[in-house]
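Shown here: data.txt, compact mmCIF, C-alpha atoms.
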```
# COMPACT_ATOMS: atom_id res chain seq x y z
CA MET A 1 -70.27 65.01 -17.65
CA SER A 2 -68.06 67.97 -18.50
CA VAL A 3 -65.34 67.94 -21.14
CA ALA A 4 -62.73 67.82 -18.36
CA GLU A 5 -64.47 64.85 -16.71
CA ASN A 6 -64.73 63.06 -20.04
CA ILE A 7 -61.03 63.53 -20.72
CA GLU A 8 -60.14 62.20 -17.28
CA SER A 9 -62.39 59.17 -17.80
CA ILE A 10 -60.92 58.43 -21.23
CA GLN A 11 -57.38 58.73 -19.90
CA GLN A 12 -58.23 56.20 -17.20
CA ARG A 13 -59.57 53.83 -19.86
CA ILE A 14 -56.43 54.35 -21.95
CA ASN A 15 -54.28 53.50 -18.94
CA ALA A 16 -56.30 50.37 -18.20
CA ALA A 17 -56.15 49.17 -21.81
CA ALA A 18 -52.40 49.73 -21.88
CA ARG A 19 -51.94 47.73 -18.69
CA ARG A 20 -54.01 44.86 -20.11
CA ALA A 21 -51.68 44.80 -23.11
CA GLY A 22 -48.55 45.03 -20.96
CA ARG A 23 -47.75 48.46 -22.38
CA ASN A 24 -46.63 51.73 -20.86
CA PRO A 25 -49.61 54.16 -20.90
CA ASP A 26 -47.17 57.01 -21.56
CA GLU A 27 -46.58 55.53 -25.04
CA ILE A 28 -50.17 56.33 -26.06
CA ALA A 29 -51.28 59.84 -26.98
CA LEU A 30 -54.87 61.04 -26.72
CA MET A 31 -55.88 63.26 -29.63
CA ALA A 32 -59.05 65.33 -29.17
CA VAL A 33 -60.94 65.47 -32.47
CA THR A 34 -62.48 68.93 -32.65
CA LYS A 35 -64.28 68.99 -36.01
CA THR A 36 -67.50 71.05 -35.78
CA GLN A 37 -66.60 72.07 -32.22
CA PRO A 38 -66.64 75.82 -31.51
CA PRO A 39 -63.58 77.52 -29.98
CA GLU A 40 -65.11 77.68 -26.52
CA ARG A 41 -65.50 73.90 -26.37
CA ILE A 42 -61.95 73.42 -27.57
CA ARG A 43 -60.80 75.78 -24.81
CA GLU A 44 -62.54 73.59 -22.24
CA ALA A 45 -60.40 70.68 -23.38
CA TYR A 46 -57.26 72.80 -23.37
CA ASP A 47 -58.00 74.07 -19.88
CA ALA A 48 -58.38 70.44 -18.79
CA GLY A 49 -54.83 69.77 -19.93
CA GLN A 50 -55.46 68.50 -23.46
CA ARG A 51 -52.73 69.57 -25.89
CA LEU A 52 -53.05 67.36 -28.98
CA PHE A 53 -55.94 68.13 -31.34
CA GLY A 54 -57.14 66.81 -34.70
CA GLU A 55 -59.23 68.57 -37.34
CA ASN A 56 -60.83 67.05 -40.44
CA ARG A 57 -61.25 70.03 -42.74
CA VAL A 58 -58.86 72.83 -43.56
CA GLN A 59 -61.59 75.38 -44.20
CA ASP A 60 -63.40 74.63 -40.93
CA PHE A 61 -60.28 75.01 -38.83
CA ALA A 62 -59.25 78.16 -40.67
CA THR A 63 -62.44 79.87 -39.47
CA LYS A 64 -61.62 79.28 -35.80
CA ALA A 65 -57.81 79.22 -35.76
CA GLY A 66 -57.65 82.95 -35.02
CA ALA A 67 -59.76 82.53 -31.90
CA LEU A 68 -57.40 79.81 -30.66
CA GLN A 69 -54.02 81.31 -31.49
CA ASP A 70 -53.27 82.10 -27.85
CA LEU A 71 -53.31 78.38 -26.98
CA HIS A 72 -49.56 78.27 -27.49
CA ALA A 73 -48.98 74.72 -26.27
CA ALA A 74 -51.66 73.20 -28.51
CA GLU A 75 -50.56 70.96 -31.37
CA TRP A 76 -52.89 70.75 -34.35
CA HIS A 77 -52.98 67.82 -36.77
CA MET A 78 -54.91 67.46 -40.00
CA ILE A 79 -56.55 64.03 -39.87
CA GLY A 80 -59.16 64.18 -42.65
CA HIS A 81 -58.85 63.77 -46.39
CA LEU A 82 -56.80 66.66 -47.75
CA GLN A 83 -57.38 68.01 -51.24
CA THR A 84 -54.22 68.94 -53.10
CA ASN A 85 -55.48 72.50 -53.69
CA LYS A 86 -55.54 73.08 -49.92
CA THR A 87 -52.00 71.98 -49.15
CA ALA A 88 -50.53 75.48 -48.79
CA LYS A 89 -53.16 76.46 -46.24
CA ALA A 90 -52.79 73.15 -44.41
CA VAL A 91 -49.05 73.72 -43.98
CA GLU A 92 -49.77 77.16 -42.52
CA LEU A 93 -52.32 75.82 -40.03
CA PHE A 94 -51.11 72.38 -38.93
CA ARG A 95 -48.07 70.87 -37.25
CA ALA A 96 -48.69 67.53 -38.95
CA VAL A 97 -50.81 65.87 -41.62
CA ASP A 98 -51.84 62.37 -40.56
CA SER A 99 -53.71 61.48 -43.75
CA ILE A 100 -51.26 61.27 -46.67
CA ASP A 101 -52.93 59.12 -49.32
CA SER A 102 -51.04 59.79 -52.56
CA LEU A 103 -47.64 60.73 -53.87
CA LYS A 104 -49.17 63.80 -55.52
CA LEU A 105 -50.45 65.06 -52.16
CA ALA A 106 -47.09 64.40 -50.52
CA GLU A 107 -45.28 66.31 -53.26
CA ARG A 108 -47.63 69.29 -52.90
CA LEU A 109 -47.18 69.35 -49.14
CA ASN A 110 -43.43 69.08 -49.51
CA ALA A 111 -43.36 72.05 -51.88
CA ALA A 112 -45.58 74.14 -49.58
CA ALA A 113 -43.53 73.31 -46.49
CA SER A 114 -40.25 74.00 -48.30
CA LYS A 115 -41.56 77.39 -49.37
CA LEU A 116 -42.17 78.26 -45.71
CA ASN A 117 -38.79 76.80 -44.71
CA ARG A 118 -40.30 74.32 -42.29
CA THR A 119 -40.78 70.59 -41.86
CA LEU A 120 -44.06 68.75 -41.52
CA ASP A 121 -44.65 65.44 -39.75
CA VAL A 122 -46.82 63.08 -41.80
CA LEU A 123 -48.50 59.70 -41.49
CA ILE A 124 -49.53 57.54 -44.43
CA GLU A 125 -53.23 56.68 -44.33
CA ILE A 126 -53.94 53.02 -45.02
CA ASN A 127 -57.37 51.86 -46.20
CA VAL A 128 -57.30 48.53 -44.38
CA GLY A 129 -60.89 47.62 -45.28
CA GLY A 130 -60.67 48.38 -48.99
CA GLU A 131 -63.70 50.67 -48.69
CA THR A 132 -64.28 52.78 -51.80
CA ALA A 133 -65.92 55.56 -49.77
CA LYS A 134 -62.79 56.06 -47.66
CA SER A 135 -59.46 57.60 -48.56
CA GLY A 136 -56.12 55.95 -47.96
CA VAL A 137 -53.85 53.65 -49.92
CA ALA A 138 -54.26 49.88 -49.99
CA PRO A 139 -51.77 47.94 -47.85
CA ASP A 140 -50.21 46.14 -50.81
CA SER A 141 -50.63 48.84 -53.44
CA PRO A 142 -48.15 50.46 -55.82
CA ALA A 143 -49.33 53.80 -54.37
CA LEU A 144 -47.95 52.86 -50.94
CA GLU A 145 -44.65 51.72 -52.45
CA GLU A 146 -44.39 55.01 -54.38
CA LEU A 147 -44.77 56.98 -51.16
CA LEU A 148 -42.24 54.91 -49.26
CA LEU A 149 -39.60 55.16 -51.98
CA ALA A 150 -40.18 58.88 -52.57
CA ALA A 151 -39.58 59.86 -48.93
CA PRO A 152 -35.86 60.67 -49.26
CA ARG A 153 -36.48 63.37 -51.87
CA LEU A 154 -39.41 64.88 -49.96
CA GLU A 155 -37.04 66.57 -47.56
CA ALA A 156 -39.61 68.84 -45.89
CA LEU A 157 -41.73 65.87 -44.83
CA VAL A 158 -40.96 63.62 -41.88
CA PHE A 159 -42.62 60.25 -42.36
CA ARG A 160 -43.48 59.01 -38.86
CA GLY A 161 -45.83 56.05 -39.35
CA LEU A 162 -49.30 54.94 -40.38
CA MET A 163 -52.94 55.87 -39.76
CA THR A 164 -56.20 54.06 -40.46
CA VAL A 165 -59.97 54.24 -40.08
CA PRO A 166 -61.26 50.65 -40.15
CA PRO A 167 -64.72 49.62 -41.35
CA PHE A 168 -67.26 50.52 -38.68
CA THR A 169 -68.77 47.73 -36.59
CA ASP A 170 -71.13 48.10 -33.64
CA ASP A 171 -68.95 45.68 -31.70
CA PRO A 172 -65.48 47.20 -31.13
CA GLU A 173 -64.03 43.71 -31.40
CA GLY A 174 -64.91 43.81 -35.09
CA ALA A 175 -62.13 46.33 -35.62
CA ARG A 176 -59.44 44.17 -34.02
CA PRO A 177 -58.35 42.31 -37.19
CA TYR A 178 -57.93 45.62 -39.01
CA PHE A 179 -55.89 47.15 -36.20
CA ARG A 180 -53.73 44.03 -36.11
CA GLN A 181 -53.26 44.25 -39.87
CA LEU A 182 -51.99 47.83 -39.60
CA TYR A 183 -49.61 46.86 -36.81
CA GLU A 184 -48.21 44.02 -38.90
CA LEU A 185 -47.87 46.30 -41.93
CA ARG A 186 -45.97 48.80 -39.80
CA ASP A 187 -43.59 46.05 -38.69
CA THR A 188 -43.09 44.86 -42.27
CA ILE A 189 -42.22 48.37 -43.45
CA ALA A 190 -39.97 49.03 -40.45
CA ALA A 191 -38.02 45.82 -41.13
CA ARG A 192 -37.09 47.14 -44.58
CA LYS A 193 -35.16 50.01 -42.96
CA LEU A 194 -36.05 52.37 -45.77
CA PRO A 195 -34.26 55.73 -45.85
CA ALA A 196 -36.23 58.70 -44.46
CA ILE A 197 -39.02 56.43 -43.20
CA ALA A 198 -39.72 56.05 -39.47
CA MET A 199 -42.46 53.75 -38.24
CA ASP A 200 -42.76 54.83 -34.62
CA GLN A 201 -46.36 56.09 -34.81
CA LEU A 202 -49.54 54.10 -35.33
CA SER A 203 -52.67 56.27 -35.25
CA MET A 204 -55.74 54.07 -34.88
CA GLY A 205 -58.77 53.86 -32.65
CA MET A 206 -61.66 56.27 -32.09
CA SER A 207 -64.34 56.84 -29.46
CA HIS A 208 -66.01 53.43 -29.71
CA ASP A 209 -62.98 51.19 -30.28
CA PHE A 210 -59.87 52.91 -28.93
CA GLU A 211 -59.32 50.36 -26.17
CA VAL A 212 -59.11 47.54 -28.71
CA ALA A 213 -56.74 49.68 -30.80
CA ILE A 214 -54.45 50.16 -27.81
CA GLU A 215 -54.40 46.42 -27.17
CA GLU A 216 -53.29 46.03 -30.80
CA GLY A 217 -50.47 48.56 -30.64
CA SER A 218 -51.91 52.03 -31.27
CA THR A 219 -49.69 54.93 -30.22
CA CYS A 220 -52.38 57.61 -30.78
CA VAL A 221 -56.14 57.36 -30.36
CA ARG A 222 -58.40 59.97 -31.99
CA VAL A 223 -61.38 60.71 -29.76
CA GLY A 224 -64.13 63.21 -30.49
CA THR A 225 -67.60 62.08 -29.44
CA ALA A 226 -66.47 60.57 -26.13
CA ILE A 227 -64.94 63.94 -25.19
CA PHE A 228 -67.38 66.48 -26.63
CA GLY A 229 -70.58 64.46 -27.11
CA GLU A 230 -72.42 63.84 -30.35
CA ARG A 231 -71.41 66.41 -32.94
CA THR A 232 -73.68 68.52 -35.05
CA LYS A 233 -74.06 67.05 -38.53
CA THR A 234 -72.68 69.15 -41.37
```
Can you dump the structure from the file as structure tokens?
Amino acid sequence: MSVAENIESIQQRINAAARRAGRNPDEIALMAVTKTQPPERIREAYDAGQRLFGENRVQDFATKAGALQDLHAAEWHMIGHLQTNKTAKAVELFRAVDSIDSLKLAERLNAAASKLNRTLDVLIEINVGGETAKSGVAPDSPALEELLLAAPRLEALVFRGLMTVPPFTDDPEGARPYFRQLYELRDTIAARKLPAIAMDQLSMGMSHDFEVAIEEGSTCVRVGTAIFGERTKT
């Protein structure tokens, strides 16, 4: 199937999952994950109507951003682990960073965005499975509390919600408890009514489990393989 056909099929599956959960499909955004994809493949998605894109590495996107600069309606998010020494470049390239995992990173991004006189939407990445190989803050950690309480002074950052990558299981149902945990954490934080913290976005679910994520409250699913096919290993 073509990229356009894949996007249409995924959107139909998103709509069906939303209906099963009694949700409005318009509340759920499809993000095309374009890491390792060349500009021409990204253009196929854009031409099919896709507008929201996610990249995992600053340096990889920097090499192809010039070839995509005419895609004026495209919105680019950084969704991978971001090193603090790449924050200035990330602010130049991306509309949002969906993978904030430390106060230090947030402070660096805030400084870089302030210098360019712009604001940056951000999500806090939560390591729901406690996996040492993955980035993100633990749900009940001091690091999360630091981020939440620091938000009012990080005036160039707009805290919009949470993101997670759960432990992988062959059965998508295995991810359900982790998605539910993130949803409940979002509700707990929202109930505190903290200043400068919004909790309207919940980014969770990928190619193999996005339907379960939608049933558990996801507002953005990040899909790469199901759109573009298996990616080249790097």
So what do you get for atom CA of A:Glu184 versus atom CA of A:Ala151, distance-wise? 20.6 Å
Please provide as an mmCIF file with C-alpha atoms, in the coordinates of the input all residues within 7 Å of stretch 135-142 of chain A, with the sequence filter that same-chain residues fewer than 4 positions apart are discarded (counting all atoms listed in the file).
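That gives us around-v1.cif:
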```
data_model
loop_
_atom_site.group_PDB
_atom_site.id
_atom_site.type_symbol
_atom_site.label_atom_id
_atom_site.label_comp_id
_atom_site.auth_asym_id
_atom_site.auth_seq_id
_atom_site.Cartn_x
_atom_site.Cartn_y
_atom_site.Cartn_z
ATOM 1 C CA HIS A 81 -58.850 63.770 -46.390
ATOM 2 C CA ASP A 101 -52.930 59.120 -49.320
ATOM 3 C CA GLU A 125 -53.230 56.680 -44.330
ATOM 4 C CA ILE A 126 -53.940 53.020 -45.020
ATOM 5 C CA ASN A 127 -57.370 51.860 -46.200
ATOM 6 C CA VAL A 128 -57.300 48.530 -44.380
ATOM 7 C CA GLY A 130 -60.670 48.380 -48.990
ATOM 8 C CA GLU A 146 -44.390 55.010 -54.380
#
```
Contact check, stretch 33-121 of chain A to stretch 156-172 of chain A, at most 12 Å, counting all atoms listed in the file, closest pairs as a Markdown table:
```
| residue | atom | partner | partner_atom | distance |
| --- | --- | --- | --- | --- |
| A:Met78 | CA | A:Met163 | CA | 11.8 |
| A:Ile79 | CA | A:Met163 | CA | 8.9 |
| A:Gly80 | CA | A:Val165 | CA | 10.3 |
| A:His81 | CA | A:Val165 | CA | 11.5 |
| A:Val91 | CA | A:Leu157 | CA | 10.8 |
| A:Arg95 | CA | A:Leu157 | CA | 11.1 |
| A:Ala96 | CA | A:Val158 | CA | 9.1 |
| A:Val97 | CA | A:Leu157 | CA | 9.6 |
| A:Asp98 | CA | A:Met163 | CA | 6.6 |
| A:Ser99 | CA | A:Met163 | CA | 6.9 |
| A:Ile100 | CA | A:Met163 | CA | 8.9 |
| A:Asp101 | CA | A:Met163 | CA | 10.1 |
| A:Leu103 | CA | A:Leu157 | CA | 12.0 |
| A:Leu105 | CA | A:Leu157 | CA | 11.4 |
| A:Ala106 | CA | A:Leu157 | CA | 8.0 |
| A:Glu107 | CA | A:Leu157 | CA | 9.2 |
| A:Arg108 | CA | A:Leu157 | CA | 10.6 |
| A:Leu109 | CA | A:Leu157 | CA | 7.8 |
| A:Asn110 | CA | A:Ala156 | CA | 5.3 |
| A:Ala111 | CA | A:Ala156 | CA | 7.8 |
| A:Ala112 | CA | A:Ala156 | CA | 8.8 |
| A:Ala113 | CA | A:Ala156 | CA | 6.0 |
| A:Ser114 | CA | A:Ala156 | CA | 5.7 |
| A:Lys115 | CA | A:Ala156 | CA | 9.4 |
| A:Leu116 | CA | A:Ala156 | CA | 9.8 |
| A:Asn117 | CA | A:Ala156 | CA | 8.1 |
| A:Arg118 | CA | A:Ala156 | CA | 6.6 |
| A:Thr119 | CA | A:Ala156 | CA | 4.5 |
| A:Leu120 | CA | A:Leu157 | CA | 5.0 |
| A:Asp121 | CA | A:Val158 | CA | 4.6 |
```
Just-selected residues, C-alpha atoms written as a PDB file, keeping the file's coordinate frame:
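Heads up, here's the output in selection_6.pdb:
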```pdb
ATOM      1  CA  MET A  78     -54.910  67.460 -40.000  1.00  0.00           C
ATOM      2  CA  ILE A  79     -56.550  64.030 -39.870  1.00  0.00           C
ATOM      3  CA  GLY A  80     -59.160  64.180 -42.650  1.00  0.00           C
ATOM      4  CA  HIS A  81     -58.850  63.770 -46.390  1.00  0.00           C
ATOM      5  CA  VAL A  91     -49.050  73.720 -43.980  1.00  0.00           C
ATOM      6  CA  ARG A  95     -48.070  70.870 -37.250  1.00  0.00           C
ATOM      7  CA  ALA A  96     -48.690  67.530 -38.950  1.00  0.00           C
ATOM      8  CA  VAL A  97     -50.810  65.870 -41.620  1.00  0.00           C
ATOM      9  CA  ASP A  98     -51.840  62.370 -40.560  1.00  0.00           C
ATOM     10  CA  SER A  99     -53.710  61.480 -43.750  1.00  0.00           C
ATOM     11  CA  ILE A 100     -51.260  61.270 -46.670  1.00  0.00           C
ATOM     12  CA  ASP A 101     -52.930  59.120 -49.320  1.00  0.00           C
ATOM     13  CA  LEU A 103     -47.640  60.730 -53.870  1.00  0.00           C
ATOM     14  CA  LEU A 105     -50.450  65.060 -52.160  1.00  0.00           C
ATOM     15  CA  ALA A 106     -47.090  64.400 -50.520  1.00  0.00           C
ATOM     16  CA  GLU A 107     -45.280  66.310 -53.260  1.00  0.00           C
ATOM     17  CA  ARG A 108     -47.630  69.290 -52.900  1.00  0.00           C
ATOM     18  CA  LEU A 109     -47.180  69.350 -49.140  1.00  0.00           C
ATOM     19  CA  ASN A 110     -43.430  69.080 -49.510  1.00  0.00           C
ATOM     20  CA  ALA A 111     -43.360  72.050 -51.880  1.00  0.00           C
ATOM     21  CA  ALA A 112     -45.580  74.140 -49.580  1.00  0.00           C
ATOM     22  CA  ALA A 113     -43.530  73.310 -46.490  1.00  0.00           C
ATOM     23  CA  SER A 114     -40.250  74.000 -48.300  1.00  0.00           C
ATOM     24  CA  LYS A 115     -41.560  77.390 -49.370  1.00  0.00           C
ATOM     25  CA  LEU A 116     -42.170  78.260 -45.710  1.00  0.00           C
ATOM     26  CA  ASN A 117     -38.790  76.800 -44.710  1.00  0.00           C
ATOM     27  CA  ARG A 118     -40.300  74.320 -42.290  1.00  0.00           C
ATOM     28  CA  THR A 119     -40.780  70.590 -41.860  1.00  0.00           C
ATOM     29  CA  LEU A 120     -44.060  68.750 -41.520  1.00  0.00           C
ATOM     30  CA  ASP A 121     -44.650  65.440 -39.750  1.00  0.00           C
TER      31      ASP A 121
END
```
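The spacing separating atom CA of A:Val212 from atom CA of A:Glu230 amounts to 21.1 Å.
Taking atom CA of A:Glu215 and atom CA of A:Leu148 as endpoints, the distance between them is 26.6 Å.
Minimum atom-to-atom distance to A:Thr63, evaluated using all atoms listed in the file, belongs to A:Leu93 out of A:Ala17, A:Ala29, A:Leu93, A:Ile227.
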Neighbour list for A:Asp47 as a list in words, cut-off 12 Å, all atoms listed in the file, skip fewer than 5 positions in-chain: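 Close residues of A:Asp47: Ser2, Val3, Ala4, Glu5, Ile7, Glu40, Arg41, Ile42, Leu71, Ala73 and Ala74 of chain A.
Surrounding stretch 20-28 of chain A within 9 Å are Ile14, Asn15, Ala16, Ala17, Ala18, Leu30, Ile214, Glu215, Glu216, Gly217, Ser218, Thr219, Cys220 and Val221 of chain A, with only C-alpha atoms counted and residues fewer than 2 positions along the same chain left out.
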Polymer residues at most 10 Å from A:Trp76, only C-alpha atoms, same-chain spacing of 4 or more positions, as a PyMOL selection string: chain A and resi 31-34+51-55+61+65+93-97
Size and centre in Å, one decimal, axis-aligned box, all listed stretch 164-174 of chain A atoms plus 3 Å per side, as JSON:
```
{"center_x": -63.7, "center_y": 49.0, "center_z": -36.2, "size_x": 20.9, "size_y": 16.5, "size_z": 16.2}
```
Tell me, as a list in words, which residues lie within 10 Å of A:Ala62, counting only C-alpha atoms; anything in the same chain fewer than 4 positions away does not count.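 Using only C-alpha atoms, the neighbours found are Arg57, Val58, Gly66, Ala67, Lys89, Ala90, Glu92 and Leu93 of chain A.
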Completed stretch 47-66 of chain A (N, CA, C and O atoms) as a short mmCIF file (atom, residue, chain, number, x, y, z; two decimals), in the coordinates of the input:
```cif
data_model
loop_
_atom_site.label_atom_id
_atom_site.label_comp_id
_atom_site.auth_asym_id
_atom_site.auth_seq_id
_atom_site.Cartn_x
_atom_site.Cartn_y
_atom_site.Cartn_z
N ASP A 47 -58.08 73.73 -21.30
CA ASP A 47 -58.00 74.07 -19.88
C ASP A 47 -57.94 72.83 -19.00
O ASP A 47 -57.45 72.89 -17.86
N ALA A 48 -58.44 71.71 -19.54
CA ALA A 48 -58.38 70.44 -18.79
C ALA A 48 -57.05 69.73 -18.99
O ALA A 48 -56.85 68.62 -18.47
N GLY A 49 -56.15 70.35 -19.75
CA GLY A 49 -54.83 69.77 -19.93
C GLY A 49 -54.60 69.12 -21.28
O GLY A 49 -53.49 68.64 -21.57
N GLN A 50 -55.63 69.10 -22.15
CA GLN A 50 -55.46 68.50 -23.46
C GLN A 50 -54.60 69.39 -24.36
O GLN A 50 -54.79 70.60 -24.41
N ARG A 51 -53.65 68.78 -25.06
CA ARG A 51 -52.73 69.57 -25.89
C ARG A 51 -52.69 69.12 -27.35
O ARG A 51 -52.28 69.87 -28.21
N LEU A 52 -53.10 67.89 -27.63
CA LEU A 52 -53.05 67.36 -28.98
C LEU A 52 -54.47 67.34 -29.57
O LEU A 52 -55.38 66.76 -28.98
N PHE A 53 -54.62 67.98 -30.73
CA PHE A 53 -55.94 68.13 -31.34
C PHE A 53 -55.91 67.72 -32.81
O PHE A 53 -54.90 67.92 -33.49
N GLY A 54 -57.03 67.20 -33.30
CA GLY A 54 -57.14 66.81 -34.70
C GLY A 54 -58.34 67.46 -35.35
O GLY A 54 -59.43 67.52 -34.75
N GLU A 55 -58.15 67.96 -36.56
CA GLU A 55 -59.23 68.57 -37.34
C GLU A 55 -59.35 67.85 -38.68
O GLU A 55 -58.36 67.40 -39.25
N ASN A 56 -60.58 67.79 -39.21
CA ASN A 56 -60.83 67.05 -40.44
C ASN A 56 -60.86 67.90 -41.70
O ASN A 56 -60.65 67.38 -42.79
N ARG A 57 -61.11 69.19 -41.55
CA ARG A 57 -61.25 70.03 -42.74
C ARG A 57 -60.44 71.31 -42.58
O ARG A 57 -60.56 72.00 -41.57
N VAL A 58 -59.68 71.63 -43.59
CA VAL A 58 -58.86 72.83 -43.56
C VAL A 58 -59.72 74.07 -43.39
O VAL A 58 -59.45 74.94 -42.56
N GLN A 59 -60.78 74.16 -44.21
CA GLN A 59 -61.59 75.38 -44.20
C GLN A 59 -62.30 75.59 -42.87
O GLN A 59 -62.44 76.73 -42.40
N ASP A 60 -62.73 74.51 -42.22
CA ASP A 60 -63.40 74.63 -40.93
C ASP A 60 -62.44 75.14 -39.86
O ASP A 60 -62.78 76.01 -39.06
N PHE A 61 -61.24 74.58 -39.85
CA PHE A 61 -60.28 75.01 -38.83
C PHE A 61 -59.81 76.43 -39.08
O PHE A 61 -59.57 77.19 -38.14
N ALA A 62 -59.71 76.80 -40.35
CA ALA A 62 -59.25 78.16 -40.67
C ALA A 62 -60.18 79.21 -40.08
O ALA A 62 -59.73 80.30 -39.69
N THR A 63 -61.48 78.90 -39.99
CA THR A 63 -62.44 79.87 -39.47
C THR A 63 -62.32 80.08 -37.97
O THR A 63 -62.77 81.10 -37.45
N LYS A 64 -61.72 79.14 -37.26
CA LYS A 64 -61.62 79.28 -35.80
C LYS A 64 -60.19 79.36 -35.29
O LYS A 64 -59.96 79.57 -34.09
N ALA A 65 -59.22 79.20 -36.18
CA ALA A 65 -57.81 79.22 -35.76
C ALA A 65 -57.44 80.54 -35.09
O ALA A 65 -56.69 80.55 -34.10
N GLY A 66 -57.97 81.65 -35.60
CA GLY A 66 -57.65 82.95 -35.02
C GLY A 66 -58.09 83.07 -33.58
O GLY A 66 -57.40 83.68 -32.75
#
```
